[in-house]
Every structure is written in C-alpha cells, then in structure tokens.
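Following: one structure in structure tokens, then a few remarks.
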Amino acid sequence: MNRKLMIIVAVIVAIFAVGIIKDQVIRGIVTVSATGMTGAPVHMDGLSLGLFNQTVRISGLRVYNPKGFPRGILVDIPKIKVSIDLGALFKKRLHLKEVEFDLKEMILVKNKDGVLNVDALKVTKETGKKEEPKEAMPMQIDELRLSIGRIIVKDYTGPKPIIEVHDINSKKISKNITSAHQLVMLVLMEGMKSAGIRGAQMYAVSALAGVAMLPVAAGFTLAGKDSATQDFKSSEAAVFNAGLKALDYLGRVTREDWQARAIEAEVDSASIALKISKSETKKTRVTVSARKFLMPKPEIAAGIIYQISEKVR
C-alpha cells in the first residue's frame, strides 16, 4: 500500500472513529438529561448526528416507569427525527425546525392508590412551580409531527385489574413549542387524551406549561374494530390455557368449551366471547369480542388479547 493510499485510509478511519465517539457522547448527554427531567429511567438504542444535512436521528427511545410502579415501559418511541438549525447554536439558542416522533406504545398504569404513572414523573410535579427548572439555553421547535400507535391502560384500583388497549393510529401536528418540558408534556397529554383518560394531575399541570394553548393542526384517526384478533405461534392448547388464565385474572370465566375452542367470561361488567381458530398461515388465531350494556368495547377486547400475549411469551 503506497503512502498516499495509507493517508487516505487513515483519514477515513479517523473520521469514522470521531463520528462514533461524537454520537456516543451526545447520546449519553441526552439520556442523562432526559432521565433527570422525567425522574424515570430513559434508554436509547442509538443516536446519529448528520452535520451536513443538519439532522439528528434517535432509535429505540424508551422511558420506563418511575419509582413506586411496576418495572416496565411507560413510553416506547422507536424512531425520532430532528431537523436542527446548527447555526442557532452559535447564538446559544436551540432551534429545531422540525421534530418527528413515532410513538409506538404508551402504557398508562394506575396503582392501587389511584395514582397514574405519568403523574408520578418529575416533569409533572415540577411544572407550574414558582421556580421551574431552567432550560440550558432558549429552545424553539417550529413543528412537531407526532404519530401515536396504541395506548395501553392498566388499572389496579379494583379487586380485579382492568386492562384496555386503544389502537389510536393517529397523526397530529403541533407548532411553536418553546421548552423541553412543553415537548414532554405535549407527547404525554396527546397519548392520554387519545385513550380518553380524564381527571389526572397531568391535565392541570399541562395547562400551566402552556400545552393546552399550543396550536394543533388537523390530524386523522383510524377507527377501531368491534373486536380484537391476533395470531400466535403457540399451540391451540397453550393459547386456550393462556386465555383462561387471562380471563380469570381480569374477571370471571362463565363458560369454557375446549372442543369448540371457545371461552365466555365477564370482565369489567362486559360480556366476553373468546374464539380460537387456525389462521391462513397455520398459526393459532384468537378473536375476542367484548360488549358492555350492548355496546361494543374493542378496547377491553384488545386488553384481553394483550394479557394473553403476556402469558404465552
């Protein structure tokens, strides 16, 4: 290998190494800052900063439950894309022209005392105080594009837990966000509103943070089905037993028929019908329908499917 080629290779390796170190350092700073602001563990799989196209890409961002709640994920955001104005940094100002959040899943947990996990976050408790945490530098987000997948609600206040899954599949656009606190509160609030959660402390403090007044562009929501269906790789017997355990955990089994691959139950005053069949790909298909006072309750049906999937992992 001649001298010129060796120099070129060395430069390429150096640039690659510096890029990796730079991204790792920034990822560490962002993770520590987010953990400090929320008061809950925050993890991200990866972060990359593109200097030439002025973009930041984050993969696998997960916020976990705060202290006092079961171990598990609160918010799962697989992809975040940020268009950043690097020139503004020289003026000691953080200007994000566009932020895209792909929120796959949010799990809202209400403990036996009736407290929601989002209300126990540090960002919720500090918002609206006379002395709120100061931003490291002035911040401006021109536009936030938020996609919401599904919201899972777990309520442990009663004698039996209530689990609901809301398939939201919505997209919303918000403009003129001026702080990291506003950004976090807005993402949490949109998820809660989509699931129909009311009366939480989050609603009061979000108004103090200015979230309620943020202009939101028209989004769209895909309507949910009257029942929930999911295919499993496990055998029919394994899924049937998991269904029995899930329904007994959430409510009361009123009828089970292995020959018909069917189970009936009552969950949260709703009538449940569970049916097992074979899918086109030879997997075990579970279909759950739920009706409460003759009204379809797909969120309860989806919650039962979710609980079954937890038991057949």
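Ordering of the structure tokens sets the chain letters (A, B, ...), residue numbers begin anew at 1 in every chain, and ligands are numbered from 1 in the order given.
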
Residues of region 36-126 of chain A within 12 Å of region 161-174 of chain A: nearest atom pair and distance (Å, one decimal) for each, counting only C-alpha atoms, sorted by chain and number, as JSON lines?
{"residue": "A:Glu98", "atom": "CA", "partner": "A:Ser174", "partner_atom": "CA", "distance": 10.2}
{"residue": "A:Val99", "atom": "CA", "partner": "A:Ile173", "partner_atom": "CA", "distance": 9.8}
{"residue": "A:Glu100", "atom": "CA", "partner": "A:Ile173", "partner_atom": "CA", "distance": 9.3}
{"residue": "A:Phe101", "atom": "CA", "partner": "A:Lys171", "partner_atom": "CA", "distance": 9.8}
{"residue": "A:Asp102", "atom": "CA", "partner": "A:Lys171", "partner_atom": "CA", "distance": 9.3}
{"residue": "A:Leu103", "atom": "CA", "partner": "A:Asn169", "partner_atom": "CA", "distance": 9.7}
{"residue": "A:Lys104", "atom": "CA", "partner": "A:Asn169", "partner_atom": "CA", "distance": 9.1}
{"residue": "A:Glu105", "atom": "CA", "partner": "A:Asp167", "partner_atom": "CA", "distance": 9.5}
{"residue": "A:Met106", "atom": "CA", "partner": "A:Val165", "partner_atom": "CA", "distance": 9.9}
{"residue": "A:Ile107", "atom": "CA", "partner": "A:Val165", "partner_atom": "CA", "distance": 9.1}
{"residue": "A:Leu108", "atom": "CA", "partner": "A:Ile163", "partner_atom": "CA", "distance": 9.9}
{"residue": "A:Val109", "atom": "CA", "partner": "A:Ile163", "partner_atom": "CA", "distance": 9.3}
{"residue": "A:Lys110", "atom": "CA", "partner": "A:Pro161", "partner_atom": "CA", "distance": 9.8}
{"residue": "A:Asn111", "atom": "CA", "partner": "A:Pro161", "partner_atom": "CA", "distance": 9.8}
{"residue": "A:Lys112", "atom": "CA", "partner": "A:Pro161", "partner_atom": "CA", "distance": 9.5}

(request) Return the single residue from A:Ser59, A:Ser147, A:Thr229, A:Asn65 that is closest to Thr287 (chain A), with distances computed using only C-alpha atoms. (result)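 So, comparing all the options, the nearest one is A:Thr229.
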
(request) For Lys297 (chain A), work out the shell of residues within 12 Å, counting only C-alpha atoms and skipping chain neighbours fewer than 6 positions away, then give it as number ranges by chain. (result) A: 164-166, 224-228, 267-273, 288-291, 303-304

For the selection you just gave me, I'd like the residues written to a file as a tab-separated table (two decimals), in the first residue's frame, keeping C-alpha atoms.
chain	number	residue	atom	x	y	z
A	164	GLU	CA	-57.59	-1.84	27.96
A	165	VAL	CA	-55.75	-1.39	24.67
A	166	HIS	CA	-56.64	1.57	22.47
A	224	GLY	CA	-61.05	0.84	15.74
A	225	LYS	CA	-62.73	-2.54	15.14
A	226	ASP	CA	-65.53	-4.04	17.22
A	227	SER	CA	-63.30	-6.96	18.23
A	228	ALA	CA	-59.62	-7.78	18.60
A	267	VAL	CA	-64.66	-8.57	32.56
A	268	ASP	CA	-65.37	-5.13	33.98
A	269	SER	CA	-69.14	-5.70	33.55
A	270	ALA	CA	-68.59	-6.56	29.87
A	271	SER	CA	-69.61	-9.84	28.22
A	272	ILE	CA	-66.59	-11.51	26.62
A	273	ALA	CA	-66.51	-14.14	23.88
A	288	VAL	CA	-62.06	-11.65	21.31
A	289	SER	CA	-65.26	-9.63	21.27
A	290	ALA	CA	-66.48	-7.51	24.18
A	291	ARG	CA	-69.84	-5.84	24.78
A	303	GLY	CA	-56.73	-5.57	26.56
A	304	ILE	CA	-57.57	-9.27	26.92

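Residue nearest Arg255 (chain A) within the list A:Lys160, A:Lys193, A:Lys275, A:Lys233: A:Lys275 [criterion: smallest interatomic distance, only C-alpha atoms].
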
(request) Provide the CA of Ala195 (chain A) to CA of Gly46 (chain A) distance in Å, to one decimal place. (result) 29.1 Å

(message) At a cut-off of 12 Å, using only C-alpha atoms, what residues contact Gly243 (chain A)? Leave out same-chain residues fewer than 5 positions from it and give the result as a PyMOL selection string.
(response) chain A and resi 236-238+248-253+256-258+261-265+272-276+285-288+301+303-312

Take the residues that were just selected and, keeping N, CA and C atoms, output them as an mmCIF file, in the first residue's frame.
data_model
loop_
_atom_site.group_PDB
_atom_site.id
_atom_site.type_symbol
_atom_site.label_atom_id
_atom_site.label_comp_id
_atom_site.auth_asym_id
_atom_site.auth_seq_id
_atom_site.Cartn_x
_atom_site.Cartn_y
_atom_site.Cartn_z
ATOM 1 N N GLU A 236 -52.735 -24.426 19.969
ATOM 2 C CA GLU A 236 -54.086 -24.050 20.371
ATOM 3 C C GLU A 236 -54.301 -24.293 21.857
ATOM 4 N N ALA A 237 -53.767 -25.422 22.364
ATOM 5 C CA ALA A 237 -53.935 -25.755 23.784
ATOM 6 C C ALA A 237 -53.256 -24.711 24.673
ATOM 7 N N ALA A 238 -52.044 -24.296 24.283
ATOM 8 C CA ALA A 238 -51.306 -23.311 25.074
ATOM 9 C C ALA A 238 -52.028 -21.970 25.087
ATOM 10 N N ASP A 248 -59.509 -15.230 33.886
ATOM 11 C CA ASP A 248 -59.679 -15.438 35.324
ATOM 12 C C ASP A 248 -58.971 -14.324 36.099
ATOM 13 N N TYR A 249 -57.843 -13.845 35.561
ATOM 14 C CA TYR A 249 -57.077 -12.769 36.200
ATOM 15 C C TYR A 249 -57.821 -11.435 36.107
ATOM 16 N N LEU A 250 -58.452 -11.196 34.937
ATOM 17 C CA LEU A 250 -59.124 -9.921 34.697
ATOM 18 C C LEU A 250 -60.583 -9.912 35.140
ATOM 19 N N GLY A 251 -61.200 -11.083 35.208
ATOM 20 C CA GLY A 251 -62.630 -11.126 35.538
ATOM 21 C C GLY A 251 -63.072 -12.487 36.013
ATOM 22 N N ARG A 252 -64.119 -13.035 35.364
ATOM 23 C CA ARG A 252 -64.695 -14.322 35.789
ATOM 24 C C ARG A 252 -65.100 -15.130 34.552
ATOM 25 N N VAL A 253 -64.582 -16.341 34.464
ATOM 26 C CA VAL A 253 -64.925 -17.232 33.358
ATOM 27 C C VAL A 253 -66.302 -17.838 33.633
ATOM 28 N N GLU A 256 -66.426 -22.500 29.455
ATOM 29 C CA GLU A 256 -65.265 -22.895 28.649
ATOM 30 C C GLU A 256 -65.584 -24.183 27.900
ATOM 31 N N ASP A 257 -65.225 -24.204 26.627
ATOM 32 C CA ASP A 257 -65.522 -25.356 25.776
ATOM 33 C C ASP A 257 -64.305 -25.620 24.895
ATOM 34 N N TRP A 258 -63.483 -26.586 25.321
ATOM 35 C CA TRP A 258 -62.274 -26.883 24.560
ATOM 36 C C TRP A 258 -62.597 -27.428 23.180
ATOM 37 N N ARG A 261 -63.327 -24.707 21.106
ATOM 38 C CA ARG A 261 -62.259 -23.705 21.198
ATOM 39 C C ARG A 261 -62.850 -22.340 21.557
ATOM 40 N N ALA A 262 -63.724 -22.319 22.553
ATOM 41 C CA ALA A 262 -64.427 -21.089 22.914
ATOM 42 C C ALA A 262 -64.452 -20.892 24.424
ATOM 43 N N ILE A 263 -64.377 -19.624 24.836
ATOM 44 C CA ILE A 263 -64.466 -19.266 26.240
ATOM 45 C C ILE A 263 -65.374 -18.039 26.357
ATOM 46 N N GLU A 264 -66.214 -18.039 27.374
ATOM 47 C CA GLU A 264 -67.035 -16.873 27.666
ATOM 48 C C GLU A 264 -66.704 -16.390 29.069
ATOM 49 N N ALA A 265 -66.800 -15.072 29.273
ATOM 50 C CA ALA A 265 -66.426 -14.526 30.576
ATOM 51 C C ALA A 265 -67.073 -13.165 30.773
ATOM 52 N N ILE A 272 -67.747 -11.180 27.467
ATOM 53 C CA ILE A 272 -66.595 -11.513 26.625
ATOM 54 C C ILE A 272 -66.822 -12.852 25.933
ATOM 55 N N ALA A 273 -66.487 -12.889 24.648
ATOM 56 C CA ALA A 273 -66.514 -14.144 23.885
ATOM 57 C C ALA A 273 -65.157 -14.317 23.221
ATOM 58 N N LEU A 274 -64.477 -15.404 23.569
ATOM 59 C CA LEU A 274 -63.164 -15.688 23.005
ATOM 60 C C LEU A 274 -63.258 -16.935 22.125
ATOM 61 N N LYS A 275 -62.703 -16.850 20.933
ATOM 62 C CA LYS A 275 -62.748 -17.958 19.988
ATOM 63 C C LYS A 275 -61.365 -18.196 19.418
ATOM 64 N N ILE A 276 -60.965 -19.484 19.360
ATOM 65 C CA ILE A 276 -59.666 -19.860 18.809
ATOM 66 C C ILE A 276 -59.873 -20.619 17.502
ATOM 67 N N ARG A 285 -55.072 -18.490 15.904
ATOM 68 C CA ARG A 285 -55.719 -17.172 15.868
ATOM 69 C C ARG A 285 -56.713 -17.041 17.022
ATOM 70 N N VAL A 286 -56.610 -15.937 17.742
ATOM 71 C CA VAL A 286 -57.530 -15.644 18.840
ATOM 72 C C VAL A 286 -58.364 -14.427 18.460
ATOM 73 N N THR A 287 -59.663 -14.562 18.559
ATOM 74 C CA THR A 287 -60.576 -13.442 18.325
ATOM 75 C C THR A 287 -61.391 -13.216 19.588
ATOM 76 N N VAL A 288 -61.340 -12.001 20.089
ATOM 77 C CA VAL A 288 -62.063 -11.651 21.312
ATOM 78 C C VAL A 288 -63.028 -10.515 21.005
ATOM 79 N N ALA A 301 -61.558 -5.787 24.634
ATOM 80 C CA ALA A 301 -61.168 -6.983 23.878
ATOM 81 C C ALA A 301 -59.676 -6.973 23.589
ATOM 82 N N GLY A 303 -57.438 -5.402 25.299
ATOM 83 C CA GLY A 303 -56.729 -5.575 26.560
ATOM 84 C C GLY A 303 -56.604 -7.041 26.941
ATOM 85 N N ILE A 304 -57.625 -7.829 26.643
ATOM 86 C CA ILE A 304 -57.570 -9.274 26.917
ATOM 87 C C ILE A 304 -56.537 -9.942 26.009
ATOM 88 N N ILE A 305 -56.519 -9.551 24.737
ATOM 89 C CA ILE A 305 -55.505 -10.074 23.806
ATOM 90 C C ILE A 305 -54.106 -9.741 24.316
ATOM 91 N N TYR A 306 -53.931 -8.521 24.796
ATOM 92 C CA TYR A 306 -52.633 -8.093 25.332
ATOM 93 C C TYR A 306 -52.212 -8.972 26.506
ATOM 94 N N GLN A 307 -53.161 -9.247 27.405
ATOM 95 C CA GLN A 307 -52.852 -10.071 28.576
ATOM 96 C C GLN A 307 -52.522 -11.501 28.159
ATOM 97 N N ILE A 308 -53.197 -12.023 27.142
ATOM 98 C CA ILE A 308 -52.887 -13.359 26.631
ATOM 99 C C ILE A 308 -51.470 -13.398 26.061
ATOM 100 N N SER A 309 -51.121 -12.362 25.304
ATOM 101 C CA SER A 309 -49.780 -12.318 24.702
ATOM 102 C C SER A 309 -48.697 -12.269 25.778
ATOM 103 N N GLU A 310 -48.999 -11.643 26.937
ATOM 104 C CA GLU A 310 -48.035 -11.613 28.033
ATOM 105 C C GLU A 310 -47.838 -12.994 28.625
ATOM 106 N N LYS A 311 -48.842 -13.843 28.570
ATOM 107 C CA LYS A 311 -48.791 -15.164 29.198
ATOM 108 C C LYS A 311 -48.240 -16.252 28.274
ATOM 109 N N VAL A 312 -48.197 -16.000 26.966
ATOM 110 C CA VAL A 312 -47.691 -17.030 26.040
ATOM 111 C C VAL A 312 -46.312 -16.658 25.485
#

(message) What's around Val123 (chain A) at 7 Å? Count only C-alpha atoms, leave out sequence neighbours fewer than 6 positions away in its own chain, and write the answer as a PyMOL selection string.
(response) chain A and resi 37-38+181

Neighbours of region 82-85 of chain A within 12 Å (only C-alpha atoms; same-chain residues fewer than 5 positions away dropped), as a PDB file with N, CA and C atoms, in the first residue's frame?
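The new file out_0.pdb reads:
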ATOM      1  N   LEU A  47     -28.063   6.941  18.469  1.00  0.00           N
ATOM      2  CA  LEU A  47     -28.221   8.346  18.080  1.00  0.00           C
ATOM      3  C   LEU A  47     -27.156   8.669  17.046  1.00  0.00           C
ATOM      4  N   SER A  48     -27.573   9.360  16.004  1.00  0.00           N
ATOM      5  CA  SER A  48     -26.612   9.787  14.984  1.00  0.00           C
ATOM      6  C   SER A  48     -26.891  11.230  14.610  1.00  0.00           C
ATOM      7  N   LEU A  49     -25.812  12.005  14.497  1.00  0.00           N
ATOM      8  CA  LEU A  49     -25.901  13.414  14.118  1.00  0.00           C
ATOM      9  C   LEU A  49     -25.302  13.613  12.741  1.00  0.00           C
ATOM     10  N   GLY A  50     -26.105  14.095  11.796  1.00  0.00           N
ATOM     11  CA  GLY A  50     -25.619  14.395  10.456  1.00  0.00           C
ATOM     12  C   GLY A  50     -25.287  15.869  10.341  1.00  0.00           C
ATOM     13  N   LEU A  51     -24.005  16.189  10.314  1.00  0.00           N
ATOM     14  CA  LEU A  51     -23.595  17.586  10.283  1.00  0.00           C
ATOM     15  C   LEU A  51     -23.947  18.257   8.960  1.00  0.00           C
ATOM     16  N   PHE A  52     -23.822  17.513   7.865  1.00  0.00           N
ATOM     17  CA  PHE A  52     -24.038  18.116   6.551  1.00  0.00           C
ATOM     18  C   PHE A  52     -25.520  18.389   6.293  1.00  0.00           C
ATOM     19  N   ASN A  53     -26.383  17.439   6.634  1.00  0.00           N
ATOM     20  CA  ASN A  53     -27.822  17.655   6.418  1.00  0.00           C
ATOM     21  C   ASN A  53     -28.531  18.180   7.665  1.00  0.00           C
ATOM     22  N   GLN A  54     -27.771  18.420   8.742  1.00  0.00           N
ATOM     23  CA  GLN A  54     -28.282  19.019   9.975  1.00  0.00           C
ATOM     24  C   GLN A  54     -29.498  18.257  10.522  1.00  0.00           C
ATOM     25  N   THR A  55     -29.327  16.970  10.684  1.00  0.00           N
ATOM     26  CA  THR A  55     -30.402  16.133  11.228  1.00  0.00           C
ATOM     27  C   THR A  55     -29.866  15.270  12.374  1.00  0.00           C
ATOM     28  N   VAL A  56     -30.743  14.975  13.301  1.00  0.00           N
ATOM     29  CA  VAL A  56     -30.443  14.049  14.386  1.00  0.00           C
ATOM     30  C   VAL A  56     -31.451  12.916  14.303  1.00  0.00           C
ATOM     31  N   ARG A  57     -30.963  11.688  14.346  1.00  0.00           N
ATOM     32  CA  ARG A  57     -31.845  10.521  14.323  1.00  0.00           C
ATOM     33  C   ARG A  57     -31.613   9.711  15.588  1.00  0.00           C
ATOM     34  N   ILE A  58     -32.715   9.411  16.288  1.00  0.00           N
ATOM     35  CA  ILE A  58     -32.650   8.621  17.511  1.00  0.00           C
ATOM     36  C   ILE A  58     -33.469   7.355  17.311  1.00  0.00           C
ATOM     37  N   SER A  59     -32.926   6.228  17.716  1.00  0.00           N
ATOM     38  CA  SER A  59     -33.650   4.959  17.593  1.00  0.00           C
ATOM     39  C   SER A  59     -33.814   4.315  18.967  1.00  0.00           C
ATOM     40  N   PHE A  90     -24.559  28.685  17.704  1.00  0.00           N
ATOM     41  CA  PHE A  90     -23.519  29.693  17.897  1.00  0.00           C
ATOM     42  C   PHE A  90     -24.076  30.937  18.586  1.00  0.00           C
ATOM     43  N   LYS A  91     -25.390  31.090  18.540  1.00  0.00           N
ATOM     44  CA  LYS A  91     -26.061  32.210  19.220  1.00  0.00           C
ATOM     45  C   LYS A  91     -26.638  31.751  20.563  1.00  0.00           C
ATOM     46  N   LYS A  92     -26.191  30.576  21.007  1.00  0.00           N
ATOM     47  CA  LYS A  92     -26.627  29.986  22.270  1.00  0.00           C
ATOM     48  C   LYS A  92     -28.143  29.813  22.320  1.00  0.00           C
ATOM     49  N   ARG A  93     -28.675  29.291  21.202  1.00  0.00           N
ATOM     50  CA  ARG A  93     -30.114  29.050  21.100  1.00  0.00           C
ATOM     51  C   ARG A  93     -30.336  27.718  20.413  1.00  0.00           C
ATOM     52  N   LEU A  94     -31.224  26.885  20.956  1.00  0.00           N
ATOM     53  CA  LEU A  94     -31.534  25.578  20.374  1.00  0.00           C
ATOM     54  C   LEU A  94     -32.769  25.730  19.494  1.00  0.00           C
ATOM     55  N   HIS A  95     -32.564  25.674  18.193  1.00  0.00           N
ATOM     56  CA  HIS A  95     -33.664  25.847  17.236  1.00  0.00           C
ATOM     57  C   HIS A  95     -33.857  24.551  16.440  1.00  0.00           C
ATOM     58  N   LEU A  96     -34.988  23.877  16.688  1.00  0.00           N
ATOM     59  CA  LEU A  96     -35.326  22.651  15.979  1.00  0.00           C
ATOM     60  C   LEU A  96     -36.435  22.989  14.985  1.00  0.00           C
ATOM     61  N   LYS A  97     -36.123  22.890  13.710  1.00  0.00           N
ATOM     62  CA  LYS A  97     -37.093  23.294  12.692  1.00  0.00           C
ATOM     63  C   LYS A  97     -38.249  22.299  12.585  1.00  0.00           C
ATOM     64  N   GLU A  98     -37.940  21.022  12.711  1.00  0.00           N
ATOM     65  CA  GLU A  98     -38.986  20.002  12.636  1.00  0.00           C
ATOM     66  C   GLU A  98     -38.581  18.800  13.467  1.00  0.00           C
ATOM     67  N   VAL A  99     -39.531  18.282  14.248  1.00  0.00           N
ATOM     68  CA  VAL A  99     -39.296  17.090  15.068  1.00  0.00           C
ATOM     69  C   VAL A  99     -40.369  16.067  14.734  1.00  0.00           C
ATOM     70  N   GLU A 100     -39.961  14.834  14.433  1.00  0.00           N
ATOM     71  CA  GLU A 100     -40.903  13.760  14.129  1.00  0.00           C
ATOM     72  C   GLU A 100     -40.777  12.665  15.189  1.00  0.00           C
ATOM     73  N   PHE A 101     -41.880  12.392  15.904  1.00  0.00           N
ATOM     74  CA  PHE A 101     -41.930  11.342  16.914  1.00  0.00           C
ATOM     75  C   PHE A 101     -42.815  10.208  16.403  1.00  0.00           C
ATOM     76  N   ASP A 102     -42.278   8.992  16.373  1.00  0.00           N
ATOM     77  CA  ASP A 102     -43.065   7.813  16.038  1.00  0.00           C
ATOM     78  C   ASP A 102     -43.316   7.043  17.329  1.00  0.00           C
ATOM     79  N   MET A 139     -35.037  27.560  23.763  1.00  0.00           N
ATOM     80  CA  MET A 139     -35.382  26.483  22.838  1.00  0.00           C
ATOM     81  C   MET A 139     -36.591  26.867  22.004  1.00  0.00           C
ATOM     82  N   GLN A 140     -36.571  26.482  20.748  1.00  0.00           N
ATOM     83  CA  GLN A 140     -37.702  26.724  19.862  1.00  0.00           C
ATOM     84  C   GLN A 140     -37.879  25.533  18.925  1.00  0.00           C
ATOM     85  N   ILE A 141     -39.085  24.936  18.951  1.00  0.00           N
ATOM     86  CA  ILE A 141     -39.429  23.882  17.987  1.00  0.00           C
ATOM     87  C   ILE A 141     -40.526  24.438  17.093  1.00  0.00           C
ATOM     88  N   ASP A 142     -40.225  24.569  15.809  1.00  0.00           N
ATOM     89  CA  ASP A 142     -41.206  25.146  14.885  1.00  0.00           C
ATOM     90  C   ASP A 142     -42.396  24.218  14.690  1.00  0.00           C
ATOM     91  N   GLU A 143     -42.110  22.917  14.506  1.00  0.00           N
ATOM     92  CA  GLU A 143     -43.203  21.990  14.215  1.00  0.00           C
ATOM     93  C   GLU A 143     -42.895  20.604  14.773  1.00  0.00           C
ATOM     94  N   LEU A 144     -43.879  20.040  15.477  1.00  0.00           N
ATOM     95  CA  LEU A 144     -43.779  18.671  15.982  1.00  0.00           C
ATOM     96  C   LEU A 144     -44.784  17.800  15.246  1.00  0.00           C
ATOM     97  N   ARG A 145     -44.306  16.727  14.635  1.00  0.00           N
ATOM     98  CA  ARG A 145     -45.169  15.750  13.972  1.00  0.00           C
ATOM     99  C   ARG A 145     -45.193  14.495  14.829  1.00  0.00           C
TER     100      ARG A 145
END

(request) Run DSSP on the backbone of this structure and report the residues of region 13-204 of chain A it assigns to strand (DSSP E or B), as a PyMOL selection string. (result) chain A and resi 42-43+46-50+55-64+73-84+94-110+116+139-155+162-177

(request) Would you please work out which residue, of A:Gly196, A:Gly36, A:Pro298, A:Gly68, is nearest to Leu116 (chain A) when using only C-alpha atoms? (result)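 Distance minimum relative to Leu116 (chain A) lands on A:Gly68.
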
(message) Calculated over only C-alpha atoms, which of the candidates A:Ser179, A:Ser33, A:Ser194, A:Ser277 has the smallest distance to Gln230 (chain A)?
(response)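 Ranking A:Ser179, A:Ser33, A:Ser194, A:Ser277 by distance to Gln230 (chain A), first place goes to A:Ser277.
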